[in-house]
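Shown here: data-v3.txt, compact mmCIF, C-alpha atoms and all ligand atoms.
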# COMPACT_ATOMS: atom_id res chain seq x y z
CA MET A 1390 66.78 129.48 113.17
CA MET A 1391 64.52 130.89 110.48
CA THR A 1392 61.43 132.97 111.08
CA PHE A 1393 58.26 133.21 109.02
CA ASP A 1394 55.33 135.60 109.35
CA ILE A 1395 52.18 134.69 107.44
CA VAL A 1396 49.54 137.39 106.94
CA THR A 1397 46.08 135.99 106.20
CA ILE A 1398 42.37 136.50 106.80
CA PHE A 1399 42.09 132.74 107.54
CA PRO A 1400 44.65 131.99 110.31
CA ALA A 1401 43.11 128.56 110.97
CA MET A 1402 43.92 127.45 107.40
CA ILE A 1403 47.60 127.94 108.25
CA GLU A 1404 47.72 127.00 111.94
CA GLN A 1405 46.10 123.58 111.73
CA PRO A 1406 48.40 122.12 109.05
CA LEU A 1407 51.51 123.61 110.71
CA ALA A 1408 50.77 121.82 113.99
CA ALA A 1409 51.26 118.40 112.39
CA GLY A 1410 54.25 116.40 111.23
CA ILE A 1411 57.83 117.51 110.62
CA LEU A 1412 57.06 121.25 110.63
CA GLY A 1413 54.99 120.92 113.82
CA ARG A 1414 57.94 119.30 115.58
CA ALA A 1415 60.42 121.87 114.22
CA ILE A 1416 58.22 124.69 115.56
CA GLU A 1417 57.87 122.95 118.95
CA ARG A 1418 61.65 122.52 119.20
CA GLY A 1419 62.24 126.17 118.21
CA THR A 1420 64.12 125.32 114.99
CA LEU A 1421 61.50 127.31 113.13
CA ASP A 1422 59.59 130.34 114.35
CA VAL A 1423 56.27 130.80 112.52
CA LYS A 1424 53.83 133.56 113.45
CA VAL A 1425 50.42 133.63 111.81
CA ARG A 1426 48.98 137.16 111.68
CA ASP A 1427 45.28 137.78 111.26
CA LEU A 1428 44.96 140.66 108.79
CA ARG A 1429 41.78 141.77 110.58
CA ASP A 1430 43.88 142.58 113.66
CA PHE A 1431 45.45 145.39 111.60
CA THR A 1432 42.17 147.10 110.65
CA THR A 1433 41.05 150.22 112.53
CA ASP A 1434 37.29 150.21 111.86
CA ARG A 1435 34.62 148.69 114.07
CA HIS A 1436 33.74 146.01 111.51
CA ARG A 1437 37.37 144.99 110.82
CA VAL A 1438 36.89 145.32 107.04
CA VAL A 1439 39.76 144.00 104.91
CA ASP A 1440 38.26 144.29 101.40
CA ASP A 1441 36.56 146.89 99.22
CA VAL A 1442 35.07 147.30 95.74
CA PRO A 1443 37.46 147.85 92.81
CA TYR A 1444 37.98 151.41 91.51
CA GLY A 1445 36.71 151.48 87.93
CA GLY A 1446 34.02 148.95 88.71
CA GLY A 1447 33.76 145.28 87.85
CA PRO A 1448 33.12 142.08 89.76
CA GLY A 1449 34.71 140.90 93.00
CA MET A 1450 36.49 142.62 95.84
CA VAL A 1451 40.08 143.80 96.38
CA LEU A 1452 42.15 143.51 99.57
CA LYS A 1453 42.53 146.99 101.10
CA PRO A 1454 46.14 148.21 101.23
CA ASP A 1455 46.09 149.96 104.64
CA PRO A 1456 45.69 146.86 106.90
CA ILE A 1457 48.51 145.19 104.95
CA PHE A 1458 50.80 148.22 105.38
CA ARG A 1459 50.05 148.26 109.11
CA ALA A 1460 50.74 144.51 109.38
CA LEU A 1461 54.09 144.95 107.62
CA ASP A 1462 55.01 147.92 109.84
CA ALA A 1463 54.26 145.83 112.95
CA ILE A 1464 56.24 142.82 111.66
CA GLY A 1465 59.15 145.11 110.69
CA ALA A 1466 59.20 146.64 114.17
CA GLU A 1467 59.29 143.17 115.71
CA ARG A 1468 61.66 141.35 113.35
CA GLY A 1469 63.81 144.25 112.12
CA THR A 1470 64.11 145.74 108.65
CA PRO A 1471 64.51 145.33 105.75
CA LEU A 1472 61.93 142.53 105.52
CA THR A 1473 61.75 140.02 102.69
CA VAL A 1474 58.09 140.15 101.72
CA ILE A 1475 56.70 137.44 99.44
CA MET A 1476 53.31 137.92 97.84
CA THR A 1477 51.56 134.71 96.72
CA SER A 1478 49.68 135.47 93.53
CA PRO A 1479 48.65 133.88 90.22
CA GLN A 1480 50.73 136.61 88.51
CA GLY A 1481 53.95 135.58 90.29
CA ARG A 1482 57.05 133.84 88.98
CA ARG A 1483 56.81 130.07 89.30
CA PHE A 1484 58.01 128.71 92.66
CA THR A 1485 60.54 125.87 92.19
CA GLN A 1486 62.83 123.65 94.28
CA ALA A 1487 65.76 125.95 93.35
CA GLU A 1488 63.77 128.94 94.66
CA ALA A 1489 63.01 127.02 97.87
CA GLU A 1490 66.71 126.39 98.46
CA ARG A 1491 67.61 130.02 97.74
CA LEU A 1492 64.93 131.39 100.11
CA SER A 1493 66.08 129.02 102.89
CA GLY A 1494 69.25 131.13 103.13
CA LEU A 1495 67.27 134.15 104.36
CA PRO A 1496 66.90 134.78 108.10
CA HIS A 1497 63.30 135.83 107.76
CA ILE A 1498 60.38 135.73 105.30
CA VAL A 1499 56.95 137.38 105.34
CA LEU A 1500 54.25 135.64 103.28
CA LEU A 1501 51.20 137.64 102.20
CA CYS A 1502 48.15 135.50 101.35
CA GLY A 1503 45.83 136.96 98.73
CA ARG A 1504 42.05 136.58 98.72
CA TYR A 1505 39.19 137.81 96.52
CA GLU A 1506 40.47 139.30 93.24
CA GLY A 1507 43.82 140.06 94.85
CA PHE A 1508 45.79 142.92 96.39
CA ASP A 1509 45.56 146.65 95.76
CA GLU A 1510 48.43 147.26 93.31
CA ARG A 1511 50.16 149.68 95.74
CA VAL A 1512 50.94 146.77 98.10
CA ARG A 1513 53.57 145.71 95.54
CA GLU A 1514 55.60 148.74 96.68
CA ARG A 1515 56.44 146.76 99.83
CA VAL A 1516 56.87 143.38 98.14
CA THR A 1517 60.26 141.75 97.43
CA GLU A 1518 58.97 138.85 95.31
CA GLU A 1519 55.72 137.64 93.85
CA LEU A 1520 55.37 133.83 93.56
CA SER A 1521 52.83 131.45 92.00
CA ILE A 1522 52.95 127.71 92.80
CA GLY A 1523 51.62 126.56 89.41
CA ASP A 1524 49.14 127.00 86.61
CA TYR A 1525 45.85 126.19 88.34
CA VAL A 1526 43.36 128.44 90.09
CA LEU A 1527 43.16 128.39 93.90
CA THR A 1528 40.58 130.18 96.06
CA GLY A 1529 43.32 132.17 97.80
CA GLY A 1530 46.99 132.37 98.69
CA GLU A 1531 46.93 130.36 101.95
CA LEU A 1532 47.62 126.95 100.43
CA ALA A 1533 50.33 128.50 98.25
CA ALA A 1534 51.96 130.10 101.31
CA LEU A 1535 51.94 126.71 103.06
CA VAL A 1536 53.56 125.09 100.04
CA VAL A 1537 56.31 127.74 99.98
CA LEU A 1538 56.86 127.51 103.75
CA ASP A 1539 56.99 123.70 103.67
CA ALA A 1540 59.46 123.49 100.79
CA VAL A 1541 61.71 126.26 102.18
CA ALA A 1542 61.66 124.93 105.77
CA ARG A 1543 62.93 121.49 104.67
CA PHE A 1544 66.22 123.18 103.77
CA VAL A 1545 66.65 124.79 107.19
CA PRO A 1546 69.26 122.82 109.17
CA GLY A 1547 67.64 120.67 111.87
CA VAL A 1548 64.09 120.73 110.45
CA VAL A 1549 64.30 117.39 108.63
CA GLY A 1550 65.98 114.90 110.99
CA ASP A 1551 68.16 113.33 108.29
CA GLU A 1552 70.28 116.07 106.61
CA GLN A 1553 71.35 113.50 104.04
CA SER A 1554 67.84 112.87 102.84
CA VAL A 1555 67.44 116.59 102.03
CA ALA A 1556 70.70 116.82 100.09
CA GLN A 1557 70.16 113.43 98.41
CA ASP A 1558 66.55 114.21 97.63
CA SER A 1559 66.10 112.88 94.15
CA PHE A 1560 64.14 115.93 93.05
CA SER A 1561 66.99 118.21 94.17
CA ARG A 1562 69.20 116.09 91.92
CA GLY A 1563 66.69 116.60 89.10
CA LEU A 1564 65.27 113.07 88.87
CA LEU A 1565 62.11 111.33 90.01
CA ASP A 1566 62.47 108.88 92.90
CA HIS A 1567 62.88 105.12 92.46
CA PRO A 1568 60.14 102.73 93.72
CA HIS A 1569 60.03 101.81 97.42
CA TYR A 1570 58.90 98.56 99.07
CA THR A 1571 58.45 97.37 102.64
CA ARG A 1572 57.13 94.19 104.30
CA PRO A 1573 55.37 91.89 103.58
CA ALA A 1574 57.47 90.28 100.82
CA THR A 1575 54.31 89.23 98.97
CA ILE A 1576 50.79 90.55 99.22
CA ARG A 1577 47.57 89.20 97.75
CA SER A 1578 45.59 91.71 95.71
CA ALA A 1579 42.28 91.47 93.92
CA SER A 1580 42.04 93.18 90.54
CA LEU A 1581 40.00 92.92 87.33
CA SER A 1582 42.23 90.06 86.20
CA GLY A 1583 41.56 88.11 89.44
CA GLU A 1584 43.58 87.45 92.58
CA ARG A 1585 47.34 87.93 92.25
CA ASP A 1586 50.38 87.76 94.51
CA LEU A 1587 52.38 90.97 94.28
CA ALA A 1588 56.04 90.34 95.06
CA VAL A 1589 58.94 92.64 95.93
CA PRO A 1590 61.64 92.73 93.20
CA ASP A 1591 64.23 90.01 93.94
CA VAL A 1592 67.16 92.42 93.74
CA LEU A 1593 65.94 94.26 96.87
CA MET A 1594 65.99 90.95 98.82
CA SER A 1595 69.41 89.94 97.45
CA GLY A 1596 71.59 91.82 99.94
CA ASN A 1597 73.79 92.88 97.00
CA HIS A 1598 74.11 96.58 97.71
CA ALA A 1599 75.97 97.46 94.52
CA GLU A 1600 73.20 95.79 92.50
CA ILE A 1601 70.49 97.52 94.56
CA ARG A 1602 72.07 100.93 94.02
CA ARG A 1603 72.27 100.30 90.28
CA TRP A 1604 68.67 99.04 90.12
CA ARG A 1605 67.45 102.16 91.93
CA LYS A 1606 69.36 104.41 89.54
CA ARG A 1607 67.88 102.58 86.56
CA GLU A 1608 64.33 102.79 87.96
CA ALA A 1609 64.69 106.51 88.76
CA LEU A 1610 66.02 107.21 85.28
CA SER A 1611 63.42 105.08 83.52
CA ARG A 1612 60.56 106.74 85.41
CA THR A 1613 61.96 110.18 84.68
CA LEU A 1614 62.39 109.35 80.99
CA GLU A 1615 58.82 107.99 80.84
CA ARG A 1616 56.98 110.62 82.91
CA ARG A 1617 59.12 113.77 83.07
CA PRO A 1618 61.66 113.78 80.23
CA ASP A 1619 61.87 117.58 80.62
CA LEU A 1620 63.72 117.06 83.94
CA LEU A 1621 66.58 115.24 82.17
CA ASP A 1622 67.61 118.46 80.41
CA ASP A 1623 68.93 119.93 83.70
CA ALA A 1624 69.67 116.75 85.68
CA SER A 1625 73.21 116.24 86.98
CA LEU A 1626 74.04 112.63 86.12
CA ASP A 1627 77.18 110.69 87.06
CA ASP A 1628 78.95 108.46 84.51
CA GLU A 1629 76.99 105.36 85.51
CA GLU A 1630 73.67 107.21 85.22
CA THR A 1631 74.62 108.62 81.81
CA GLN A 1632 75.41 105.06 80.65
CA ILE A 1633 72.12 103.65 82.03
CA LEU A 1634 70.18 106.46 80.40
CA ARG A 1635 71.80 105.68 77.04
CA GLU A 1636 70.74 102.02 77.42
CA LEU A 1637 67.18 103.00 78.38
CA LYS A 1638 66.86 105.35 75.40
CA GLY A 1639 68.16 102.58 73.11
CA ALA A 1640 65.65 100.07 74.52
CA ARG A 1641 62.81 102.53 73.99
CA HIS A 1642 63.56 103.08 70.32
CA GLY A 1643 60.43 102.61 68.23
CA ARG A 1644 58.16 102.37 71.32
CA ASP A 1645 57.25 106.07 71.26
C1 LIG B 1701 39.89 136.05 87.04
C2 LIG B 1701 41.33 136.21 87.24
N1 LIG B 1701 41.88 135.35 88.29
C3 LIG B 1701 43.38 135.47 88.22
C4 LIG B 1701 44.00 134.32 87.51
C5 LIG B 1701 41.41 135.77 89.60
C6 LIG B 1701 42.03 135.08 90.74
C7 LIG B 1701 42.05 133.70 90.83
C8 LIG B 1701 42.57 133.06 91.95
C9 LIG B 1701 42.58 135.83 91.77
C10 LIG B 1701 43.10 135.18 92.87
C11 LIG B 1701 43.10 133.83 92.98
C12 LIG B 1701 43.61 133.17 94.17
N2 LIG B 1701 44.90 132.51 93.95
C13 LIG B 1701 45.98 132.83 94.65
O1 LIG B 1701 45.91 133.69 95.51
C14 LIG B 1701 47.23 132.18 94.36
C15 LIG B 1701 47.56 131.14 93.43
C16 LIG B 1701 46.78 130.41 92.46
O2 LIG B 1701 45.56 130.57 92.30
N3 LIG B 1701 47.42 129.48 91.70
C17 LIG B 1701 48.75 129.21 91.81
N4 LIG B 1701 49.50 129.87 92.68
C18 LIG B 1701 48.91 130.82 93.47
S1 LIG B 1701 49.71 131.75 94.58
C19 LIG B 1701 48.35 132.55 95.05
Before we go any further, please render this structure as structure tokens.
Ligand code: 9D3
Amino acid sequence: MMTFDIVTIFPAMIEQPLAAGILGRAIERGTLDVKVRDLRDFTTDRHRVVDDVPYGGGPGMVLKPDPIFRALDAIGAERGTPLTVIMTSPQGRRFTQAEAERLSGLPHIVLLCGRYEGFDERVRERVTEELSIGDYVLTGGELAALVVLDAVARFVPGVVGDEQSVAQDSFSRGLLDHPHYTRPATIRSASLSGERDLAVPDVLMSGNHAEIRRWRKREALSRTLERRPDLLDDASLDDEETQILRELKGARHGRD
């Protein structure tokens, strides 16, 4: 069992997505324990104010430190200390699949969701790690916290039904996934070039499982080479994959 506490001024932004799908079921079953904490519940003033103007002037508002300290004290009293506190912020280290796996080994994580211009710097005193999910600008940390929670929770035993699919996950292995097909075997599609029948590759209908495995490896490698060659630097390839990759690189010579 792994527990998460998410501190936010928009609890609904977290609660609604968490009720659906694989995470929703894991929470129902008790495999995951997620508590969403409304930061306003930790204010002490009549108007439940969570933000204030920046010292030194300038635009925007800053999240007040005292409600956050009180929230962390309450969570610590409930969950035990020391807490692992993760701040989502554009200034954080980049969150990756390797980070997700590492964090899934912890018994408990607190996620702080930023809003406005961010946190009062003194909050960092209580923070274990600061994470960004990528180089784009969000309106706040809630979506980032959901991304972190989702990716970490997949590694918790029992959350994803099929343990194998987590371990075998192509991205964990450092490659993009191969293409997938399901019924029907052919489907009519209209496009600029007129009506066409789109078929499933013959190999997938062949029943030859050795051939299918090899085809999937080749497709995964060729996609990765085409779209994300950077991933190949750290990918762990078996002998067959190394051979296929050599062939693919040879075939591409002069085309890029
Ligand atoms: C003008 C300077 N901006 C900092 C780059 C202000 C600012 C923009 C966006 C301050 C906070 C935010 C809200 N973003 C997050 O809280 C956030 C985030 C993101 O925007 N991108 C990627 N990862 C993350 S994690 C949290």
Residues of stretch 1511-1561 of chain A that approach stretch 1419-1437 of chain A to 9 Å or less, counting all atoms listed in the file: could you list each one with the shortest pair of atoms and its distance in Å to one decimal, rows by chain and increasing residue number, as JSON lines?
{"residue": "A:Ala1542", "atom": "CA", "partner": "A:Leu1421", "partner_atom": "CA", "distance": 7.7}
{"residue": "A:Val1545", "atom": "CA", "partner": "A:Thr1420", "partner_atom": "CA", "distance": 8.2}
{"residue": "A:Pro1546", "atom": "CA", "partner": "A:Thr1420", "partner_atom": "CA", "distance": 8.2}
{"residue": "A:Gly1547", "atom": "CA", "partner": "A:Thr1420", "partner_atom": "CA", "distance": 6.6}
{"residue": "A:Val1548", "atom": "CA", "partner": "A:Thr1420", "partner_atom": "CA", "distance": 6.5}
Where is the centre and how long are the edges: axis-aligned box on ligand LIG 1701 (chain B), 4 Å on each side, Å to one decimal, as JSON:
{"center_x": 44.8, "center_y": 132.7, "center_z": 91.3, "size_x": 17.8, "size_y": 15.0, "size_z": 16.5}
- Task: May I have the residues within 12 Å of A:Thr1470 as a PyMOL selection string, using all atoms listed in the file and disregarding those fewer than 6 positions away in the same chain?
- Result: chain A and resi 1461-1464+1496-1499+1515
Could you save the residues just selected, with C-alpha atoms, as a PDB file, in the coordinates of the input?
ATOM      1  CA  LEU A1461      54.090 144.950 107.620  1.00  0.00           C
ATOM      2  CA  ASP A1462      55.010 147.920 109.840  1.00  0.00           C
ATOM      3  CA  ALA A1463      54.260 145.830 112.950  1.00  0.00           C
ATOM      4  CA  ILE A1464      56.240 142.820 111.660  1.00  0.00           C
ATOM      5  CA  PRO A1496      66.900 134.780 108.100  1.00  0.00           C
ATOM      6  CA  HIS A1497      63.300 135.830 107.760  1.00  0.00           C
ATOM      7  CA  ILE A1498      60.380 135.730 105.300  1.00  0.00           C
ATOM      8  CA  VAL A1499      56.950 137.380 105.340  1.00  0.00           C
ATOM      9  CA  ARG A1515      56.440 146.760  99.830  1.00  0.00           C
TER      10      ARG A1515
END
- Between A:Leu1564, A:Ile1633, A:Leu1581, A:Cys1502, which has the minimum distance to A:Leu1527 (counting only C-alpha atoms)?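 Looking at the shortest contact to A:Leu1527, the residue is A:Cys1502.
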- Item | Selected residue, from A:Arg1607, A:Arg1504, A:Arg1459, A:Arg1491, that lies nearest to A:Phe1399 when counting only C-alpha atoms |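 Among A:Arg1607, A:Arg1504, A:Arg1459, A:Arg1491, it is A:Arg1504 that comes nearest to A:Phe1399.
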- Using all atoms listed in the file, which of A:Gly1529, A:Pro1448, A:Gly1413, A:Pro1400 sits nearest ligand LIG 1701 (chain B)? A:Gly1529
Per residue of chain A within 9 Å of ligand LIG 1701 (chain B), note the shortest atom pair and the distance in Å to one decimal, counting all atoms listed in the file, and order the rows by chain and increasing residue number, as CSV.
residue,atom,partner,partner_atom,distance
A:Met1476,CA,B:LIG1701,C19,7.8
A:Thr1477,CA,B:LIG1701,S1,4.1
A:Ser1478,CA,B:LIG1701,C19,3.6
A:Pro1479,CA,B:LIG1701,C15,4.4
A:Gln1480,CA,B:LIG1701,C4,7.2
A:Gly1481,CA,B:LIG1701,S1,7.1
A:Arg1483,CA,B:LIG1701,N4,8.1
A:Phe1484,CA,B:LIG1701,N4,8.6
A:Cys1502,CA,B:LIG1701,O1,6.5
A:Gly1503,CA,B:LIG1701,O1,4.6
A:Arg1504,CA,B:LIG1701,O1,5.8
A:Tyr1505,CA,B:LIG1701,C10,6.0
A:Glu1506,CA,B:LIG1701,C9,4.3
A:Gly1507,CA,B:LIG1701,C10,5.3
A:Phe1508,CA,B:LIG1701,C10,8.9
A:Glu1519,CA,B:LIG1701,S1,8.4
A:Leu1520,CA,B:LIG1701,S1,6.1
A:Ser1521,CA,B:LIG1701,N4,3.7
A:Ile1522,CA,B:LIG1701,N4,4.1
A:Gly1523,CA,B:LIG1701,C17,4.6
A:Asp1524,CA,B:LIG1701,C17,5.7
A:Tyr1525,CA,B:LIG1701,N3,5.0
A:Val1526,CA,B:LIG1701,O2,3.8
A:Leu1527,CA,B:LIG1701,O2,3.6
A:Thr1528,CA,B:LIG1701,C12,4.7
A:Gly1529,CA,B:LIG1701,C12,3.8
A:Gly1530,CA,B:LIG1701,O1,3.6
A:Glu1531,CA,B:LIG1701,O1,7.3
A:Leu1532,CA,B:LIG1701,C19,7.8
A:Ala1533,CA,B:LIG1701,S1,4.9
A:Ala1534,CA,B:LIG1701,S1,7.3
- Tell me which of A:Ala1574, A:Leu1565, A:Ile1416, A:Val1439 sits closest to A:Pro1618, counting only C-alpha atoms.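 Ranking A:Ala1574, A:Leu1565, A:Ile1416, A:Val1439 by distance to A:Pro1618, first place goes to A:Leu1565.
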- Compare A:Arg1543, A:Arg1605, A:Arg1612, A:Arg1468 by their minimum atom-to-atom distance to A:Leu1492, counting only C-alpha atoms, and give me the closest one. A:Arg1543
- Task: For atom CA of A:Ala1415 and atom CA of A:Met1391, quote the distance in Å rounded to one decimal.
- Result: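 Atom CA of A:Met1391 lies at a distance of 10.6 Å from atom CA of A:Ala1415.
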- Query: For A:Ala1556, which residue among A:Thr1613, A:Asp1628, A:Glu1490, A:Leu1593 is the nearest when counting all atoms listed in the file?
  - Reply: A:Glu1490
- Task: Could you tell me how far atom CA of A:Gly1563 lies from atom CA of A:Gly1550, in Å and to one decimal?
- Result: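 Interatomic distance, atom CA of A:Gly1563 to atom CA of A:Gly1550: 22.0 Å.
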- A:Met1594 environment, 12 Å, only C-alpha atoms, sequence neighbours closer than 5 positions dropped, as a ChimeraX atom specification: /A:1570-1575,1588-1589,1600-1601
- Please, what distance in Å, to one decimal, runs between atom CA of A:Ala1599 and atom CA of A:Asp1627?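 Going from atom CA of A:Ala1599 over to atom CA of A:Asp1627 covers 15.2 Å.
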- Query: Could you pull the residues within 7 Å of A:Leu1587, counting all atoms listed in the file, minus those fewer than 4 positions along the same chain, as number ranges by chain?
  - Reply: A: 1575-1578
- Query: Can you tell me, as number ranges by chain, which residues sit within 8 Å of (58.0, 142.8, 100.1) in the file's frame, using all atoms listed in the file?
  - Reply: A: 1472-1476, 1499, 1513-1518
Missing atoms in stretch 1588-1601 of chain A: fill them in up to N, CA and C atoms and send the result as an mmCIF file, keeping the file's coordinate frame.
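Saved as part.cif:
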data_model
loop_
_atom_site.group_PDB
_atom_site.id
_atom_site.type_symbol
_atom_site.label_atom_id
_atom_site.label_comp_id
_atom_site.auth_asym_id
_atom_site.auth_seq_id
_atom_site.Cartn_x
_atom_site.Cartn_y
_atom_site.Cartn_z
ATOM 1 N N ALA A 1588 54.768 90.604 94.393
ATOM 2 C CA ALA A 1588 56.040 90.340 95.060
ATOM 3 C C ALA A 1588 56.927 91.582 95.043
ATOM 4 N N VAL A 1589 57.907 91.601 95.919
ATOM 5 C CA VAL A 1589 58.940 92.640 95.930
ATOM 6 C C VAL A 1589 60.029 92.195 94.935
ATOM 7 N N PRO A 1590 60.572 93.114 94.133
ATOM 8 C CA PRO A 1590 61.640 92.730 93.200
ATOM 9 C C PRO A 1590 62.766 91.995 93.916
ATOM 10 N N ASP A 1591 63.214 90.875 93.327
ATOM 11 C CA ASP A 1591 64.230 90.010 93.940
ATOM 12 C C ASP A 1591 65.488 90.775 94.350
ATOM 13 N N VAL A 1592 65.898 91.723 93.492
ATOM 14 C CA VAL A 1592 67.160 92.420 93.740
ATOM 15 C C VAL A 1592 67.169 93.083 95.120
ATOM 16 N N LEU A 1593 66.005 93.559 95.577
ATOM 17 C CA LEU A 1593 65.940 94.260 96.870
ATOM 18 C C LEU A 1593 66.092 93.297 98.042
ATOM 19 N N MET A 1594 65.862 91.977 97.779
ATOM 20 C CA MET A 1594 65.990 90.950 98.820
ATOM 21 C C MET A 1594 67.357 90.279 98.744
ATOM 22 N N SER A 1595 68.175 90.667 97.767
ATOM 23 C CA SER A 1595 69.410 89.940 97.450
ATOM 24 C C SER A 1595 70.541 90.248 98.436
ATOM 25 N N GLY A 1596 70.480 91.409 99.067
ATOM 26 C CA GLY A 1596 71.590 91.820 99.940
ATOM 27 C C GLY A 1596 72.778 92.347 99.158
ATOM 28 N N ASN A 1597 72.690 92.375 97.843
ATOM 29 C CA ASN A 1597 73.790 92.880 97.000
ATOM 30 C C ASN A 1597 73.638 94.393 96.826
ATOM 31 N N HIS A 1598 74.358 95.138 97.641
ATOM 32 C CA HIS A 1598 74.110 96.580 97.710
ATOM 33 C C HIS A 1598 74.540 97.331 96.475
ATOM 34 N N ALA A 1599 75.551 96.843 95.797
ATOM 35 C CA ALA A 1599 75.970 97.460 94.520
ATOM 36 C C ALA A 1599 74.861 97.292 93.488
ATOM 37 N N GLU A 1600 74.292 96.079 93.434
ATOM 38 C CA GLU A 1600 73.200 95.790 92.500
ATOM 39 C C GLU A 1600 71.965 96.632 92.822
ATOM 40 N N ILE A 1601 71.665 96.766 94.120
ATOM 41 C CA ILE A 1601 70.490 97.520 94.560
ATOM 42 C C ILE A 1601 70.627 98.986 94.160
#
